[in-house]
Amino acid sequence: MVCLEEGKTSSLDLHYTHYLRFTTMRVSVVMPVYNERATLRQVVDRVLAVPLDIELICVDDGSTDGSREILAQLQAERPQIRTLLQPKNMGKGAALHRGIQDATGDFVIIQDADLEYDPAEYTVLLEPLIEGSADVVYGSRFLSARPHRVLYFWHSVGNWILTLLSNALTNINLSDMETCYKAFRREILQSIPLEEKRFGFEPEITVKIAKRNLRIYEVGISYWGRTYEEGKKIQWKDGVRALWCLMKYCITEPAVVRRGTALSDVAPLAAGRRPDESPPAD
């Protein structure tokens, strides 16, 4: 038996506490789906393979390629899946709005229905949140030594320009504003009114979290981008819309005085308990 000095914690105890932090929380993954038949089953398998308590909310945005039927099959097979159906194609942002408001987990992660982002990196995104250090975490494709597929030069230039302008207007220093991977404390995300129905979600949410003076962290992630032949949907006009959204919300969105973090919510998770559980008796 190994005896420890009073007041010291063994590395085993630290690892166990770290394990409890991830296993005692619930994560809502919101995934908009529009004509993603080729990748849908595989991405769902990857999400549900993550060793976390996951609620996967799939919002079909009027798919016409059989994605809805695949989602119905997957929901029958996997109790963790909730499928929401839009009456018609209303846009990625509209699908996210619906999924976000239906989320019930401690934290919310945004996931695309393609294979560009790796769900195995959820724990990397979540760590600053469960430690109580962050309210929002962005997964940056430009901070990591992890694999990145080499693709379109002008897309990277456009991303850099949008992120630079976003930083200049909001006075924050993100490296990847347009990343899909964003994680939030659920109650904070659900308290933010969202308007953009299509690809304007990224600049809108970035301005609004900056205006609320929330604690934002970035972590490095991998990126397995796809080509237009493989199903990529974003177009140059979406970049123009993003510029418009940055200007619009920086002007119209009022600054919100932050009243501090609800430590009563994050402290139990950092200690390996859910917020609704009582601490152990002495």
# chains A, B, ... in the order shown; residues from 1 in each chain; ligands from 1
$ select_by_dssp --residues "range 12-177 of chain A" --states "strand (DSSP E or B)" --output "JSON, numbers by chain"
{"A": [26, 27, 28, 29, 30, 31, 32, 33, 53, 54, 55, 56, 57, 58, 59, 60, 81, 82, 83, 84, 85, 107, 108, 109, 110, 136, 137, 138, 139, 140, 148]}
$ residues_around --residues "range 206-208 of chain A" --least-positions-apart "3" --cutoff "8 Å" --atoms "only C-alpha atoms" --output "list in words"
Ser166, Thr170, Met177, Ile192, Glu202, Pro203, Lys211, Arg212, Leu246, Tyr249, Cys250 and Glu253 of chain A
$ closest_residue --among "A:Arg185, A:Arg146, A:Lys248, A:Lys237" --to "Trp224 in chain A" --atoms "only C-alpha atoms"
A:Arg146
$ select_by_dssp --residues "range 52-188 of chain A" --states "alpha helix (DSSP H)" --output "PyMOL selection string"
chain A and resi 67-77+92-102+122-130+153-170+186-188
$ residues_around --residues "range 107-109 of chain A" --least-positions-apart "4" --cutoff "6 Å" --atoms "only C-alpha atoms" --output "count of residues only"
8
$ residues_around --residues "Leu174 in chain A" --least-positions-apart "4" --cutoff "8 Å" --atoms "only C-alpha atoms" --output "MDAnalysis selection string"
chainID A and resid 163 167 218
$ atom_distance --atom1 "CA of Met90 in chain A" --atom2 "CA of Thr39 in chain A"
20.9 Å
